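Chemist: File name protein-v5.cif; file contents mmCIF, C-alpha atoms; full text below.
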data_run
loop_
_atom_site.label_atom_id
_atom_site.label_comp_id
_atom_site.auth_asym_id
_atom_site.auth_seq_id
_atom_site.Cartn_x
_atom_site.Cartn_y
_atom_site.Cartn_z
CA MET A 5 31.01 -3.03 -13.44
CA THR A 6 27.34 -3.85 -12.99
CA LEU A 7 25.53 -2.11 -10.14
CA THR A 8 22.64 -4.57 -9.97
CA GLN A 9 22.12 -8.30 -9.51
CA GLY A 10 19.35 -10.66 -10.47
CA LEU A 11 17.23 -11.69 -13.44
CA CYS A 12 16.57 -9.47 -16.45
CA ALA A 13 15.04 -11.20 -19.46
CA ALA A 14 15.95 -10.21 -23.02
CA GLY A 15 14.10 -7.09 -24.07
CA PHE A 16 13.85 -5.72 -20.53
CA GLU A 17 17.43 -4.41 -20.32
CA PRO A 18 16.16 -0.79 -20.21
CA VAL A 19 14.70 -1.49 -16.77
CA ARG A 20 18.08 -2.63 -15.42
CA GLU A 21 19.77 0.32 -17.13
CA ALA A 22 17.29 2.76 -15.57
CA LEU A 23 17.98 1.41 -12.06
CA GLU A 24 21.74 1.49 -12.63
CA VAL A 25 21.56 5.13 -13.78
CA GLN A 26 19.79 6.08 -10.56
CA LEU A 27 22.21 4.06 -8.40
CA ALA A 28 25.25 5.56 -10.13
CA SER A 29 23.94 9.11 -9.69
CA GLY A 30 23.34 8.58 -5.98
CA GLU A 31 19.65 9.40 -6.32
CA GLU A 32 18.92 5.79 -5.42
CA LEU A 33 20.54 4.30 -2.32
CA GLY A 34 19.19 0.75 -2.43
CA ALA A 35 16.25 -0.71 -4.31
CA SER A 36 14.58 -3.70 -5.89
CA ILE A 37 12.41 -3.93 -9.01
CA CYS A 38 10.34 -6.90 -10.14
CA VAL A 39 8.20 -7.31 -13.25
CA THR A 40 6.05 -10.37 -13.82
CA VAL A 41 4.29 -11.38 -17.04
CA HIS A 42 1.43 -13.84 -16.50
CA GLY A 43 2.84 -14.47 -13.04
CA GLU A 44 6.39 -15.28 -14.19
CA PRO A 45 9.23 -12.88 -13.32
CA VAL A 46 10.96 -11.31 -16.32
CA VAL A 47 12.76 -8.74 -14.17
CA ASP A 48 13.87 -9.43 -10.60
CA ILE A 49 16.77 -7.10 -9.84
CA TRP A 50 18.25 -5.34 -6.84
CA GLY A 51 21.25 -3.18 -6.05
CA GLY A 52 22.78 -0.46 -3.94
CA HIS A 53 23.09 -0.32 -0.17
CA THR A 54 20.88 -0.58 2.88
CA ASP A 55 22.62 2.17 4.86
CA ALA A 56 23.38 5.82 4.12
CA GLU A 57 27.10 5.20 4.71
CA ARG A 58 27.01 2.55 1.96
CA THR A 59 28.73 -0.10 4.05
CA THR A 60 26.10 -2.85 3.67
CA GLU A 61 24.90 -4.07 0.28
CA TRP A 62 21.25 -4.53 -0.59
CA GLU A 63 20.85 -8.31 -0.87
CA ARG A 64 18.39 -10.57 -2.64
CA ASP A 65 16.31 -10.98 0.51
CA THR A 66 16.54 -7.41 1.83
CA ILE A 67 13.12 -6.08 2.81
CA VAL A 68 11.94 -2.56 3.56
CA ASN A 69 8.89 -0.69 4.87
CA VAL A 70 6.88 0.09 1.72
CA PHE A 71 4.22 2.20 3.43
CA SER A 72 0.97 2.39 1.42
CA ILE A 73 1.78 -0.53 -0.86
CA THR A 74 0.51 -2.32 2.27
CA LYS A 75 -2.98 -1.09 1.41
CA THR A 76 -2.99 -3.23 -1.73
CA MET A 77 -2.30 -6.29 0.44
CA THR A 78 -5.08 -5.30 2.83
CA ALA A 79 -7.43 -4.86 -0.14
CA LEU A 80 -6.38 -8.24 -1.56
CA SER A 81 -7.19 -9.83 1.82
CA ALA A 82 -10.67 -8.27 1.73
CA LEU A 83 -11.19 -9.48 -1.85
CA VAL A 84 -10.39 -13.04 -0.74
CA LEU A 85 -13.30 -12.77 1.72
CA VAL A 86 -15.50 -11.32 -1.05
CA GLU A 87 -14.58 -14.30 -3.22
CA ARG A 88 -15.60 -16.69 -0.45
CA GLY A 89 -18.98 -15.01 -0.07
CA MET A 90 -18.14 -13.85 3.44
CA LEU A 91 -17.90 -10.12 2.64
CA ASP A 92 -20.32 -8.09 0.52
CA LEU A 93 -18.85 -4.88 -0.91
CA ASP A 94 -22.28 -3.19 -0.89
CA GLN A 95 -23.13 -4.24 2.65
CA LYS A 96 -22.86 -1.74 5.50
CA VAL A 97 -19.72 -1.82 7.63
CA ALA A 98 -21.98 -1.92 10.69
CA HIS A 99 -23.48 -5.22 9.51
CA TYR A 100 -20.16 -6.84 10.42
CA TRP A 101 -19.05 -4.35 13.09
CA PRO A 102 -22.18 -3.02 14.85
CA GLU A 103 -20.39 -0.44 17.01
CA PHE A 104 -19.28 1.37 13.84
CA ALA A 105 -22.85 2.60 13.26
CA ALA A 106 -22.49 5.31 15.93
CA ASN A 107 -22.62 9.03 15.12
CA GLY A 108 -23.91 8.96 11.56
CA LYS A 109 -21.96 5.98 10.19
CA ALA A 110 -24.74 3.39 9.96
CA ASP A 111 -25.02 3.60 6.16
CA ILE A 112 -21.31 3.56 5.26
CA ALA A 113 -20.66 0.62 2.92
CA ILE A 114 -17.62 -1.64 2.76
CA ARG A 115 -16.83 -0.39 -0.76
CA GLN A 116 -16.67 3.18 0.56
CA VAL A 117 -13.97 2.23 3.04
CA LEU A 118 -12.03 0.28 0.40
CA GLY A 119 -12.40 3.24 -1.97
CA HIS A 120 -11.46 5.99 0.53
CA THR A 121 -14.88 7.67 0.35
CA SER A 122 -16.25 6.65 3.78
CA GLY A 123 -15.72 10.01 5.47
CA VAL A 124 -13.71 8.28 8.18
CA GLY A 125 -10.30 9.26 6.84
CA GLY A 126 -8.43 9.14 10.14
CA TRP A 127 -8.70 9.85 13.84
CA GLU A 128 -10.62 12.96 14.92
CA LEU A 129 -8.60 13.71 18.04
CA PRO A 130 -4.80 14.15 18.08
CA LEU A 131 -2.94 11.03 19.18
CA ASP A 132 0.60 9.70 19.27
CA LEU A 133 1.85 7.33 16.59
CA ALA A 134 2.21 4.57 19.20
CA ASP A 135 -1.52 4.83 19.94
CA ILE A 136 -2.35 3.24 16.59
CA TYR A 137 -0.18 0.18 17.38
CA ASP A 138 -2.97 -0.95 19.74
CA HIS A 139 -5.61 -2.13 17.29
CA GLU A 140 -8.39 -2.53 19.87
CA SER A 141 -8.25 1.00 21.24
CA ALA A 142 -7.57 2.56 17.83
CA VAL A 143 -10.65 1.00 16.21
CA LYS A 144 -12.79 1.88 19.23
CA ARG A 145 -11.93 5.54 18.62
CA LEU A 146 -12.85 5.21 14.94
CA ALA A 147 -16.18 3.57 15.78
CA GLU A 148 -17.13 6.45 18.09
CA GLN A 149 -16.43 9.40 15.78
CA THR A 150 -18.46 11.28 13.18
CA PRO A 151 -17.63 11.28 9.42
CA TRP A 152 -15.57 14.25 8.22
CA TRP A 153 -17.62 14.62 5.00
CA GLU A 154 -20.75 13.05 3.54
CA PRO A 155 -19.80 9.42 2.79
CA GLY A 156 -19.63 8.56 -0.89
CA THR A 157 -19.44 12.15 -2.16
CA ALA A 158 -15.65 12.45 -2.46
CA SER A 159 -12.45 10.62 -1.63
CA GLY A 160 -10.33 11.55 1.36
CA TYR A 161 -7.33 9.24 1.44
CA HIS A 162 -7.47 6.92 4.48
CA ALA A 163 -3.73 7.31 4.96
CA LEU A 164 -3.10 5.67 8.33
CA ASN A 165 -6.38 4.04 9.35
CA TYR A 166 -7.23 2.02 6.20
CA GLY A 167 -5.92 -1.20 7.71
CA HIS A 168 -7.63 -0.59 11.04
CA LEU A 169 -11.02 -0.24 9.34
CA ILE A 170 -10.64 -3.15 6.93
CA GLY A 171 -8.72 -5.18 9.50
CA GLU A 172 -11.50 -4.91 12.05
CA VAL A 173 -14.05 -6.09 9.46
CA VAL A 174 -11.76 -9.03 8.63
CA ARG A 175 -11.46 -9.86 12.35
CA ARG A 176 -15.22 -9.67 12.90
CA ILE A 177 -15.85 -12.02 9.96
CA ASP A 178 -12.96 -14.45 10.26
CA GLY A 179 -11.70 -14.20 13.84
CA ARG A 180 -8.08 -13.66 12.79
CA THR A 181 -6.25 -10.37 12.80
CA LEU A 182 -5.51 -8.83 9.42
CA GLY A 183 -1.79 -9.64 9.64
CA ARG A 184 -2.44 -13.25 10.50
CA PHE A 185 -5.15 -13.66 7.85
CA PHE A 186 -2.86 -12.17 5.21
CA ALA A 187 0.07 -14.39 6.27
CA GLU A 188 -1.96 -17.60 6.36
CA GLU A 189 -4.19 -17.07 3.32
CA LEU A 190 -1.91 -15.18 0.91
CA ALA A 191 1.74 -14.61 1.76
CA GLY A 192 2.34 -18.08 3.21
CA PRO A 193 0.72 -20.13 0.44
CA LEU A 194 2.49 -18.04 -2.21
CA GLY A 195 5.88 -18.07 -0.48
CA ALA A 196 5.87 -14.25 -0.53
CA ASP A 197 8.27 -12.48 1.84
CA PHE A 198 5.81 -9.72 2.77
CA HIS A 199 4.67 -9.01 6.32
CA ILE A 200 1.91 -6.96 7.95
CA GLY A 201 3.38 -7.15 11.43
CA THR A 202 7.04 -8.12 11.04
CA GLY A 203 8.62 -10.47 13.57
CA PRO A 204 12.04 -9.83 15.14
CA GLU A 205 13.51 -12.76 13.21
CA HIS A 206 13.35 -10.54 10.11
CA PHE A 207 14.74 -7.33 11.60
CA ASP A 208 18.33 -7.87 10.47
CA ARG A 209 17.13 -7.97 6.83
CA ILE A 210 15.26 -4.65 6.98
CA ALA A 211 16.87 -1.72 5.16
CA PRO A 212 16.53 1.44 7.28
CA LEU A 213 14.72 4.29 5.57
CA VAL A 214 16.40 7.55 4.65
CA PRO A 215 13.67 10.19 5.07
CA PRO A 216 13.00 12.80 2.37
CA PRO A 217 13.72 16.50 2.84
CA ALA A 218 11.29 18.23 5.21
CA LEU A 219 8.03 19.60 3.81
CA GLU A 220 8.39 23.03 2.21
CA PHE A 221 5.26 24.34 3.94
CA ASP A 222 4.27 24.57 7.58
CA LEU A 223 1.19 22.51 8.40
CA ALA A 224 0.60 24.78 11.41
CA THR A 225 -0.41 27.59 9.03
CA LEU A 226 -3.31 25.52 7.63
CA ASP A 227 -6.82 25.04 8.99
CA GLN A 228 -6.25 22.54 11.79
CA ASP A 229 -9.76 21.15 11.36
CA SER A 230 -9.25 20.42 7.64
CA VAL A 231 -9.34 16.87 6.30
CA LEU A 232 -5.76 17.33 5.08
CA VAL A 233 -4.32 18.34 8.46
CA LYS A 234 -6.24 15.76 10.46
CA THR A 235 -5.33 12.99 8.01
CA LEU A 236 -1.62 13.82 7.97
CA THR A 237 -1.12 14.75 11.65
CA HIS A 238 -3.57 12.61 13.69
CA PRO A 239 -1.05 11.06 14.23
CA LEU A 240 2.00 12.40 12.39
CA LEU A 241 3.89 9.65 10.57
CA ASP A 242 7.41 10.08 11.98
CA TYR A 243 9.77 8.30 9.58
CA GLU A 244 12.51 8.03 12.21
CA ARG A 245 10.24 5.85 14.35
CA THR A 246 9.79 3.26 11.59
CA ALA A 247 13.03 1.65 12.83
CA ASP A 248 11.46 0.99 16.25
CA PRO A 249 10.68 -2.69 16.99
CA GLN A 250 7.19 -1.68 18.14
CA TRP A 251 6.39 -0.09 14.77
CA ARG A 252 7.68 -3.06 12.82
CA ALA A 253 5.79 -5.61 14.91
CA ALA A 254 2.44 -3.78 14.92
CA GLU A 255 -0.17 -4.80 12.33
CA ILE A 256 -0.88 -1.51 10.57
CA GLY A 257 -2.53 -2.56 7.32
CA ALA A 258 -2.31 0.94 5.86
CA VAL A 259 1.37 1.68 6.12
CA ASN A 260 3.78 -0.70 7.86
CA GLY A 261 4.05 -3.68 5.53
CA HIS A 262 7.60 -4.89 4.95
CA GLY A 263 8.65 -6.64 1.77
CA ASN A 264 10.57 -6.22 -1.46
CA ALA A 265 9.66 -5.89 -5.11
CA ARG A 266 9.67 -9.67 -5.61
CA SER A 267 7.14 -10.33 -2.86
CA ILE A 268 4.94 -7.41 -3.91
CA ALA A 269 4.87 -8.61 -7.52
CA ARG A 270 4.28 -12.21 -6.46
CA LEU A 271 1.16 -11.34 -4.49
CA GLN A 272 -0.21 -8.72 -6.85
CA SER A 273 0.19 -11.04 -9.84
CA ILE A 274 -3.09 -12.53 -8.63
CA VAL A 275 -4.72 -9.31 -9.83
CA SER A 276 -2.81 -8.88 -13.09
CA GLY A 277 -3.59 -12.53 -13.86
CA GLY A 278 -7.31 -11.83 -13.66
CA GLY A 279 -7.55 -13.70 -10.36
CA ILE A 280 -5.55 -16.75 -11.47
CA LEU A 281 -1.96 -17.51 -10.48
CA GLU A 282 -0.13 -20.76 -11.23
CA GLY A 283 -3.33 -22.51 -12.18
CA ARG A 284 -5.17 -21.66 -8.98
CA THR A 285 -8.20 -19.40 -9.05
CA TRP A 286 -7.77 -16.95 -6.17
CA LEU A 287 -10.41 -14.49 -7.37
CA SER A 288 -13.24 -14.99 -9.87
CA PRO A 289 -13.74 -12.62 -12.82
CA ASP A 290 -16.60 -10.92 -10.95
CA THR A 291 -14.40 -10.24 -7.92
CA VAL A 292 -11.61 -8.87 -10.10
CA ASP A 293 -14.12 -6.73 -11.99
CA ALA A 294 -15.14 -5.16 -8.67
CA ILE A 295 -11.70 -3.54 -8.38
CA PHE A 296 -12.62 -1.36 -11.35
CA ARG A 297 -15.93 -0.09 -9.94
CA GLU A 298 -15.10 3.61 -9.79
CA GLN A 299 -15.81 5.04 -6.34
CA SER A 300 -14.48 8.55 -6.90
CA ASN A 301 -12.82 10.70 -9.55
CA GLY A 302 -11.69 14.16 -8.53
CA LEU A 303 -9.68 16.19 -6.06
CA ASP A 304 -8.90 14.08 -3.01
CA LEU A 305 -9.81 15.95 0.18
CA ALA A 306 -6.79 14.67 2.11
CA LEU A 307 -4.03 14.83 -0.50
CA LEU A 308 -5.43 17.76 -2.56
CA THR A 309 -4.48 16.00 -5.79
CA PRO A 310 -6.70 14.46 -8.50
CA LEU A 311 -7.27 10.76 -7.87
CA ARG A 312 -9.52 8.01 -9.19
CA PHE A 313 -10.30 5.20 -6.79
CA GLY A 314 -11.80 1.83 -7.54
CA ILE A 315 -12.17 -0.84 -4.87
CA GLY A 316 -8.87 -1.12 -3.01
CA TYR A 317 -6.70 0.45 -5.72
CA GLY A 318 -6.15 3.65 -7.65
CA LEU A 319 -7.27 3.68 -11.27
CA PRO A 320 -5.30 5.43 -14.06
CA GLN A 321 -5.07 9.19 -13.47
CA PRO A 322 -2.72 10.92 -15.94
CA GLN A 323 -2.46 14.17 -13.94
CA THR A 324 -1.21 12.44 -10.80
CA ALA A 325 0.43 9.27 -12.15
CA PRO A 326 1.48 9.99 -15.76
CA ALA A 327 3.66 6.87 -16.08
CA VAL A 328 0.80 4.49 -15.22
CA PRO A 329 -0.63 3.14 -18.51
CA ASP A 330 -4.29 3.53 -19.37
CA GLY A 331 -6.60 0.57 -19.75
CA ARG A 332 -7.65 -2.16 -17.36
CA VAL A 333 -4.99 -1.12 -14.91
CA CYS A 334 -4.90 -0.58 -11.14
CA TRP A 335 -2.05 0.80 -9.06
CA TRP A 336 -0.90 2.39 -5.87
CA ALA A 337 2.18 4.04 -4.35
CA GLY A 338 3.82 4.29 -0.96
CA VAL A 339 5.02 7.63 0.39
CA GLY A 340 8.65 8.07 -0.62
CA GLY A 341 8.28 6.33 -3.96
CA SER A 342 7.49 2.60 -3.68
CA PHE A 343 5.07 1.59 -6.44
CA VAL A 344 2.94 -1.23 -7.78
CA VAL A 345 1.00 -1.44 -11.07
CA ASN A 346 -1.25 -4.28 -12.20
CA ASP A 347 -1.94 -4.23 -15.95
CA LEU A 348 -4.63 -6.81 -16.66
CA ASP A 349 -4.65 -6.10 -20.39
CA ARG A 350 -1.08 -7.37 -20.68
CA GLY A 351 -0.93 -9.64 -17.62
CA ILE A 352 1.87 -7.54 -16.10
CA THR A 353 2.68 -6.56 -12.54
CA PHE A 354 5.40 -3.96 -11.87
CA ALA A 355 6.76 -3.51 -8.34
CA TYR A 356 9.44 -1.21 -6.91
CA ALA A 357 10.71 -0.84 -3.34
CA MET A 358 13.51 1.39 -2.07
CA ASN A 359 14.99 2.89 1.09
CA ARG A 360 15.93 6.46 0.08
CA MET A 361 12.60 8.26 0.19
CA ALA A 362 11.79 10.87 -2.45
CA PRO A 363 9.81 14.02 -1.58
CA GLY A 364 6.08 14.03 -2.23
CA LEU A 365 3.24 11.76 -1.21
CA ILE A 366 2.60 9.83 -4.45
CA GLY A 367 5.30 8.37 -6.67
CA SER A 368 8.67 9.86 -7.64
CA ASP A 369 10.77 10.69 -10.67
CA ARG A 370 12.65 7.42 -10.09
CA ALA A 371 9.47 5.35 -10.07
CA ASP A 372 8.34 7.09 -13.26
CA ALA A 373 11.67 6.27 -14.94
CA TYR A 374 11.36 2.57 -14.10
CA LEU A 375 7.71 2.44 -15.15
CA THR A 376 8.49 4.15 -18.44
CA ALA A 377 11.31 1.69 -19.10
CA THR A 378 9.09 -1.29 -18.23
CA PHE A 379 6.10 -0.40 -20.36
CA GLY A 380 8.38 0.80 -23.15
CA ALA A 381 9.96 -2.64 -23.19
CA VAL A 382 6.55 -4.28 -23.23
CA ALA A 383 5.40 -2.13 -26.12
#
Give the structure from this file in structure tokens form.
Modeler:
Amino acid sequence: MTLTQGLCAAGFEPVREALEVQLASGEELGASICVTVHGEPVVDIWGGHTDAERTTEWERDTIVNVFSITKTMTALSALVLVERGMLDLDQKVAHYWPEFAANGKADIAIRQVLGHTSGVGGWELPLDLADIYDHESAVKRLAEQTPWWEPGTASGYHALNYGHLIGEVVRRIDGRTLGRFFAEELAGPLGADFHIGTGPEHFDRIAPLVPPPALEFDLATLDQDSVLVKTLTHPLLDYERTADPQWRAAEIGAVNGHGNARSIARLQSIVSGGGILEGRTWLSPDTVDAIFREQSNGLDLALLTPLRFGIGYGLPQPQTAPAVPDGRVCWWAGVGGSFVVNDLDRGITFAYAMNRMAPGLIGSDRADAYLTATFGAVA
């Protein structure tokens, strides 16, 4: 009896087998995996259940909160504006958003925000998760604060505020909110079922998340003024609240995008295709090249793990993401395990979305198994 449904082209059977092993063991509850080659799906599979009681099957159009995979969609939105000559990666944020210049932030460049080196890694003062649903007040707070470290000298993962910073720049340039810009310029034209700000008409298709085991260490024992603590607790991302209608509907371009592997791969195939998808040039070679401008390479101040950041994406880092191939490759992961890799050398996008969250902030053993199977098949 097969545990998965969908397309799996000849030669890619190990990817299906890897997912079925995880489903059969119970490690995976419900998930989808999609692999595209030159924009065409060669794997588009799904299986398992949407609920912990295993009463409702994961369907073809099931979607799920994929957390920081959303950042790759926010970055892609910014790159569209770069392509149109409306956004300059080396320009100061304050050129587009004058209020941002306050308290030592006048020289922070757009590329530093996209590459997590801006020093504005989150909100200085403690706030409730619901406070970041209100974009206007949340970005006002960010504009008023001081950088946490010297901009450009290190990365400090912009875990929850990435979409607020980039989204406000998009709004100042274009007039539309980030969620609307993304929907009208990318997801809509490509027929991609991915949402930054998910309407109630989609709620019955959303697979609830099963949170990972609690952290093994007590954040209260750490320096409360550290970049790590402020990033992860101002506010604290409460997984239980991701089922709230208010969370789903808010446009949080760092962490609350809802989609599935098919929609992730569809959109990100723009990147793996060198900016071209289905004959349309979405991004020029120069704009795609910008993704690979290294912004940092070292211990991230917020996650305390080695990371390499380009513009809008992580670059290969064998210590932290051993299953990501080397080369002209960019990637990112959502907390709990969701994953996307764009391999421009081979024209491949890999995407994975699931509802049972694994422990850890970047990747999972399951994601590594699927990546290994995918790039093994390609090789």
Chemist: Which residues are near A:Leu226? Cut-off 12 Å, only C-alpha atoms, ignore same chain within fewer than 6 positions. Put them as JSON, numbers by chain.
Modeler: {"A": [232, 233, 234, 236, 237]}
Chemist: Applied to this file, what does the PyMOL selection byres ((chain A and resi 312-323) around 8) return in terms of residues, put as a count of residues only?
Modeler: 32
Chemist: Taking (17.8, -8.4, 4.5) as a centre in this file's frame and 12 Å as the limit, can you find every polymer residue with an atom that close, using only C-alpha atoms, and give them as a ChimeraX atom specification?
Modeler: /A:34-36,50,53-55,60-69,197,205-212,262-264
Chemist: Just the number, please: distance in Å from atom CA of A:Glu128 to atom CA of A:Trp101, one decimal.
Modeler: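 Going from atom CA of A:Glu128 over to atom CA of A:Trp101, I get 19.3 Å.
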Chemist: Which residues would end up in the selection if the PyMOL selection byres ((chain A and resi 190) around 10) were applied here, given that I need the answer as a PyMOL selection string?
Modeler: chain A and resi 77+80-81+84+184-189+191-196+198+271+274+286
Chemist: The selected residues should be written to file as a compact mmCIF listing (two decimals), in the coordinates of the input (atoms: C-alpha atoms).
Modeler:
# COMPACT_ATOMS: atom_id res chain seq x y z
CA MET A 77 -2.30 -6.29 0.44
CA LEU A 80 -6.38 -8.24 -1.56
CA SER A 81 -7.19 -9.83 1.82
CA VAL A 84 -10.39 -13.04 -0.74
CA ARG A 184 -2.44 -13.25 10.50
CA PHE A 185 -5.15 -13.66 7.85
CA PHE A 186 -2.86 -12.17 5.21
CA ALA A 187 0.07 -14.39 6.27
CA GLU A 188 -1.96 -17.60 6.36
CA GLU A 189 -4.19 -17.07 3.32
CA ALA A 191 1.74 -14.61 1.76
CA GLY A 192 2.34 -18.08 3.21
CA PRO A 193 0.72 -20.13 0.44
CA LEU A 194 2.49 -18.04 -2.21
CA GLY A 195 5.88 -18.07 -0.48
CA ALA A 196 5.87 -14.25 -0.53
CA PHE A 198 5.81 -9.72 2.77
CA LEU A 271 1.16 -11.34 -4.49
CA ILE A 274 -3.09 -12.53 -8.63
CA TRP A 286 -7.77 -16.95 -6.17
Chemist: Output, as lines of an AutoDock Vina configuration file, the centre and edge lengths in Å (one decimal) of the axis-aligned box that contains all listed atoms of stretch 319-338 of chain A with 5 Å of margin on each side.
Modeler:
center_x = -1.9
center_y = 6.0
center_z = -10.4
size_x = 21.5
size_y = 26.3
size_z = 28.8
Chemist: When distances are computed from all atoms listed in the file, which of A:Pro102, A:Gly126, A:Pro215, A:Gly261 shows the smallest separation from A:Glu172?
Modeler: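 Distance minimum relative to A:Glu172 lands on A:Pro102.
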Chemist: Counting only C-alpha atoms, which residues sit no farther than 12 Å from the position (0.1, 4.7, 20.5) in the file's frame? I'd like them as a PyMOL selection string.
Modeler: chain A and resi 130-142+238-241+245+250-251+254+256
Chemist: Choose the residue, out of A:Thr378, A:Ile170, A:Leu365, A:Thr121, that has the smallest atom-to-atom separation from A:Ser72; count only C-alpha atoms.
Modeler: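 Using only C-alpha atoms, A:Ser72 sits closest to A:Leu365.
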Chemist: If you measure from atom CA of A:Met361 to atom CA of A:Val117, what distance in Å do you get, rounded to one decimal?
Modeler: 27.4 Å
Chemist: Hey, which of A:Ala113, A:Ala224, A:Ile73, A:Leu287 ends up closest to A:Ser342? Count all atoms listed in the file.
Modeler: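 Ranked by minimum distance to A:Ser342, first place goes to A:Ile73.
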Chemist: Looking at A:Ser368, A:Thr8, A:Ser29, A:Thr235, which one is nearest to A:Val339, with distances taken over all atoms listed in the file?
Modeler: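 Checking each of A:Ser368, A:Thr8, A:Ser29, A:Thr235 against A:Val339, counting all atoms listed in the file, the winner is A:Ser368.
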Chemist: Report, in Å to a single decimal, how far apart atom CA of A:Ala371 and atom CA of A:Gly10 are.
Modeler: 18.8 Å
Chemist: Quick one: apply the PyMOL selection byres ((chain A and resi 373) around 10) to the file and drop the selected residues here as a VMD selection string.
Modeler: chain A and resid 18 to 19 22 to 23 26 327 368 to 372 374 to 378
Chemist: I need the residue nearest A:Val214 from this list: A:Gly340, A:Pro155, A:Gly380, A:Gly277. Use only C-alpha atoms for the distance.
Modeler: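 So, comparing all the options, the nearest one is A:Gly340.
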Chemist: Between A:Ala105, A:Ala247, A:Ala110, A:Ala13, which is the closest to A:Cys38 once you count only C-alpha atoms?
Modeler: A:Ala13
Chemist: I want to know what sits within 9 Å of A:Glu31, based on all atoms listed in the file, with residues of the same chain fewer than 6 positions away left out; could you give that as a PDB file with C-alpha atoms, in the coordinates of the input?
Modeler:
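The file below, result.pdb, is the result:
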ATOM      1  CA  VAL A  25      21.560   5.130 -13.780  1.00  0.00           C
ATOM      2  CA  ARG A 360      15.930   6.460   0.080  1.00  0.00           C
ATOM      3  CA  ALA A 362      11.790  10.870  -2.450  1.00  0.00           C
ATOM      4  CA  ARG A 370      12.650   7.420 -10.090  1.00  0.00           C
TER       5      ARG A 370
END
